[in-house]
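Peer 1: Below: one structure in structure tokens.
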Amino acid sequence: SQQGEEDPQALSIQEGENATMNCSYKTSINNLQWYRQNSGRGLVHLILIRSNEREKHSGRLRVTLDTSKKSSSLLITASRAADTASYFCGGSNYKLTFGKGTLLTVNP
Amino acid sequence: EPEVTQTPSHQVTQMGQEVILRCVPISNHLYFYWYRQILGQKVEFLVSFYNNEISEKSEIFDDQFSVERPDGSNFTLKIRSTKLEDSAMYFCASSGEVSGANVLTFGAGSRLTVL
């Protein structure tokens with residue numbers, strides 16, 4: 001299974017702080033993707049990192065990938081209350097599978 | 001921005017009834033998926049569909065489930081005889097090949113409640 005497993009399950013921070021979420025997966029992947037889900041809504045793609053990349057940035061997002069450890073991290077800098085959501089990672093060889101996600105709460 | 005649309009947004013049904021959930025994927029996408037999320041749980045892969053046939057399915061996707069692309073735009077998930085444990089949010093997603101990576105665009109979901 002290429003399932004992503006996110007850690008921690010829940011994270012609560014103050015607005016302006018950085019949030020770091022981790023992801024582990026089990027088998028080789030072509031790429032790893034992060035998605036966010038606002039309560040009860042569909043997942044929205046945030047960022048993709050390919051297996052031959054180690055780090056990628058997009059706005060306030062920074063993703064790292066360590067294929068030797070089969071792990072990834074998502075850093076959200078200068079968090080805002082609007083970042084409150086669940087975050088999921090998925091390893092992909094065309095089929096994306098996800099874990100339970102990290103529920104991030106950013107307190108104003 | 002193109003989007004994936006799903007109907008109905010919420011359906012309540014009696015156990016044993018058949019349910020059809022409908023999805024209109026993004027028009028130039030080639031790959032279609034169904035996922036489900038039981039309240040508070042992970043987003044579980046059900047099935048992927050490409051070139052008018054199932055390309056992969058999970059253990060959850062048993063004989064009670066079927067998918068169909070009846071025309072050029074709709075993609076449906078049918079549950080033949082619903083069970084209480086089928087109560088969940090069902091998400092449709094589609095993707096077009098993007099340089100070898102499948103980035104999924106999800107719909108807003110259909111909430112199924114089985115009584």
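Going by the structure tokens order, chains are called A, B, ..., each with residues numbered from 1, while ligands are numbered from 1 in the order shown.
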Got a sec to pull out which chain A residues are within 9 Å of chain B, counting only C-alpha atoms, and send them as a ChimeraX atom specification?

Peer 2: /A:30-31,33,40-45,48,50,88,92-101

Peer 1: Enumerate as JSON, numbers by chain all residues of chain A assigned to strand (DSSP E or B) by DSSP on the backbone, naming them with the chain letters and numbers the document uses.

Peer 2: {"A": [5, 6, 7, 10, 11, 12, 13, 14, 19, 20, 21, 22, 23, 24, 31, 32, 33, 34, 35, 36, 37, 43, 44, 45, 46, 47, 48, 49, 50, 55, 56, 57, 58, 61, 62, 63, 64, 65, 66, 71, 72, 73, 74, 75, 76, 85, 86, 87, 88, 89, 90, 91, 92, 96, 97, 98, 102, 103, 104, 105, 106, 107]}

Peer 1: Could you tell me which of B:Pro2, B:Gly16, B:Pro8, B:Gly96 comes closest to Thr76 in chain B if we count only C-alpha atoms?

Peer 2: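 Residue with the minimum atom-to-atom distance to Thr76 in chain B: B:Pro8.
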
Peer 1: Write out as a list in words the residues lying within 9 Å of Ser27 in chain B, counting only C-alpha atoms and excluding same-chain residues fewer than 2 positions away.

Peer 2: Pro2, Val24, Pro25, His29, Leu30, Gly72 and Ser73 of chain B

Peer 1: Measuring atom to atom with only C-alpha atoms, identify which of B:Glu68, B:Asp86, B:Glu18, B:Glu1 is nearest to Asn52 in chain B.

Peer 2: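 Once distances to Asn52 in chain B are computed over only C-alpha atoms, the minimum belongs to B:Glu68.
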
Peer 1: Hey, what's within 12 Å of Arg54 in chain A if we count only C-alpha atoms and toss same-chain stuff fewer than 5 positions away? As a VMD selection string, please?

Peer 2: chain A and resid 31 to 32 48 to 49 62 to 68 70 to 73

Peer 1: Need to verify the contact set: Gly16 in chain A, 12 Å, only C-alpha atoms, exclusion of same-chain residues closer than 2 positions in sequence. Can you return it as a list in words?

Peer 2: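 Contacts, with the query itself left out: Ile13, Gln14, Asn18, Ala19, Arg60, Ile76, Thr77, Ala78, Ser79, Arg80, Ala81, Ala82, Asp83, Val106, Asn107 and Pro108 of chain A.
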
Peer 1: Which is closest to Asp7 in chain A among A:Cys23, A:Ile29, A:Leu61, A:Cys89, if we use only C-alpha atoms?

Peer 2: A:Cys23

Peer 1: Pick out the residues sitting within 8 Å of range 78-80 of chain B, and hand them over as a PyMOL selection string; count only C-alpha atoms, and ignore anything fewer than 4 positions along from it in its own chain.

Peer 2: chain B and resi 16-21+64-67

Peer 1: Okay, now the selection with N, CA, C and O atoms, as a PDB file, in the first residue's frame?

Peer 2:
```pdb
ATOM      1  N   GLY B  16     -30.994  -1.363   2.448  1.00  0.00           N
ATOM      2  CA  GLY B  16     -31.457  -2.270   1.409  1.00  0.00           C
ATOM      3  C   GLY B  16     -31.835  -1.600   0.114  1.00  0.00           C
ATOM      4  O   GLY B  16     -32.003  -2.268  -0.904  1.00  0.00           O
ATOM      5  N   GLN B  17     -31.959  -0.289   0.138  1.00  0.00           N
ATOM      6  CA  GLN B  17     -32.304   0.444  -1.081  1.00  0.00           C
ATOM      7  C   GLN B  17     -31.078   0.677  -1.942  1.00  0.00           C
ATOM      8  O   GLN B  17     -29.936   0.706  -1.462  1.00  0.00           O
ATOM      9  N   GLU B  18     -31.318   0.871  -3.217  1.00  0.00           N
ATOM     10  CA  GLU B  18     -30.248   1.203  -4.164  1.00  0.00           C
ATOM     11  C   GLU B  18     -30.045   2.716  -4.200  1.00  0.00           C
ATOM     12  O   GLU B  18     -31.007   3.488  -4.107  1.00  0.00           O
ATOM     13  N   VAL B  19     -28.789   3.102  -4.313  1.00  0.00           N
ATOM     14  CA  VAL B  19     -28.457   4.521  -4.373  1.00  0.00           C
ATOM     15  C   VAL B  19     -27.522   4.762  -5.557  1.00  0.00           C
ATOM     16  O   VAL B  19     -26.623   3.955  -5.815  1.00  0.00           O
ATOM     17  N   ILE B  20     -27.751   5.841  -6.260  1.00  0.00           N
ATOM     18  CA  ILE B  20     -26.838   6.253  -7.330  1.00  0.00           C
ATOM     19  C   ILE B  20     -26.332   7.651  -7.019  1.00  0.00           C
ATOM     20  O   ILE B  20     -27.124   8.589  -6.850  1.00  0.00           O
ATOM     21  N   LEU B  21     -25.042   7.774  -6.931  1.00  0.00           N
ATOM     22  CA  LEU B  21     -24.404   9.075  -6.730  1.00  0.00           C
ATOM     23  C   LEU B  21     -23.794   9.505  -8.053  1.00  0.00           C
ATOM     24  O   LEU B  21     -23.148   8.698  -8.727  1.00  0.00           O
ATOM     25  N   GLN B  64     -21.406  -5.052  -4.217  1.00  0.00           N
ATOM     26  CA  GLN B  64     -22.518  -4.118  -3.997  1.00  0.00           C
ATOM     27  C   GLN B  64     -22.296  -2.799  -4.726  1.00  0.00           C
ATOM     28  O   GLN B  64     -23.212  -2.003  -4.890  1.00  0.00           O
ATOM     29  N   PHE B  65     -21.050  -2.557  -5.116  1.00  0.00           N
ATOM     30  CA  PHE B  65     -20.706  -1.290  -5.744  1.00  0.00           C
ATOM     31  C   PHE B  65     -20.494  -1.480  -7.244  1.00  0.00           C
ATOM     32  O   PHE B  65     -19.995  -2.519  -7.693  1.00  0.00           O
ATOM     33  N   SER B  66     -20.831  -0.473  -7.999  1.00  0.00           N
ATOM     34  CA  SER B  66     -20.490  -0.451  -9.417  1.00  0.00           C
ATOM     35  C   SER B  66     -20.321   0.996  -9.858  1.00  0.00           C
ATOM     36  O   SER B  66     -20.863   1.913  -9.224  1.00  0.00           O
ATOM     37  N   VAL B  67     -19.551   1.184 -10.909  1.00  0.00           N
ATOM     38  CA  VAL B  67     -19.368   2.511 -11.470  1.00  0.00           C
ATOM     39  C   VAL B  67     -19.665   2.450 -12.960  1.00  0.00           C
ATOM     40  O   VAL B  67     -19.544   1.399 -13.600  1.00  0.00           O
TER      41      VAL B  67
END
```

Peer 1: Quick one: residues within 9 Å of Leu104 in chain A, only C-alpha atoms, excluding same-chain residues fewer than 3 positions away - as a JSON list (two decimals) with N, CA and C atoms, in the first residue's frame?

Peer 2:
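Below you can see selection_10.json, which holds the result:
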```json
[["chain", "number", "residue", "atom", "x", "y", "z"],
["A", 9, "GLN", "N", -1.93, 13.75, 14.84],
["A", 9, "GLN", "CA", -3.34, 13.69, 14.45],
["A", 9, "GLN", "C", -4.00, 15.05, 14.62],
["A", 10, "ALA", "N", -3.52, 15.82, 15.59],
["A", 10, "ALA", "CA", -4.09, 17.16, 15.82],
["A", 10, "ALA", "C", -2.99, 18.09, 16.25],
["A", 11, "LEU", "N", -3.11, 19.34, 15.82],
["A", 11, "LEU", "CA", -2.12, 20.36, 16.12],
["A", 11, "LEU", "C", -2.84, 21.68, 16.31],
["A", 12, "SER", "N", -2.57, 22.34, 17.44],
["A", 12, "SER", "CA", -3.21, 23.61, 17.73],
["A", 12, "SER", "C", -2.13, 24.66, 17.96],
["A", 13, "ILE", "N", -2.18, 25.76, 17.21],
["A", 13, "ILE", "CA", -1.17, 26.79, 17.31],
["A", 13, "ILE", "C", -1.82, 28.16, 17.30],
["A", 19, "ALA", "N", 3.48, 25.86, 11.43],
["A", 19, "ALA", "CA", 2.90, 24.53, 11.68],
["A", 19, "ALA", "C", 3.66, 23.51, 10.84],
["A", 21, "MET", "N", 3.70, 19.43, 9.82],
["A", 21, "MET", "CA", 3.01, 18.14, 9.80],
["A", 21, "MET", "C", 3.88, 17.14, 9.08],
["A", 83, "ASP", "N", -6.12, 28.97, 7.82],
["A", 83, "ASP", "CA", -5.41, 27.72, 7.56],
["A", 83, "ASP", "C", -6.00, 26.55, 8.35],
["A", 84, "THR", "N", -6.91, 26.85, 9.26],
["A", 84, "THR", "CA", -7.56, 25.80, 10.03],
["A", 84, "THR", "C", -8.27, 24.82, 9.09],
["A", 85, "ALA", "N", -7.85, 23.55, 9.16],
["A", 85, "ALA", "CA", -8.36, 22.53, 8.24],
["A", 85, "ALA", "C", -7.68, 21.22, 8.59],
["A", 86, "SER", "N", -8.08, 20.16, 7.90],
["A", 86, "SER", "CA", -7.36, 18.89, 7.99],
["A", 86, "SER", "C", -6.43, 18.78, 6.79],
["A", 87, "TYR", "N", -5.26, 18.25, 7.02],
["A", 87, "TYR", "CA", -4.25, 18.13, 5.98],
["A", 87, "TYR", "C", -3.90, 16.66, 5.78]]
```

Peer 1: Work out how far CA of Glu53 in chain B is from CA of Val12 in chain B, in Å to one decimal.

Peer 2: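 So the two atoms, CA of Val12 in chain B and CA of Glu53 in chain B, lie 28.7 Å apart.
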
Peer 1: Which residue out of A:Gly59, A:Gln3, A:Arg36, A:Thr105 has the minimum interatomic distance to Glu17 in chain A when only C-alpha atoms are used?

Peer 2: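 When distances to Glu17 in chain A are compared using only C-alpha atoms, the smallest one comes from A:Thr105.
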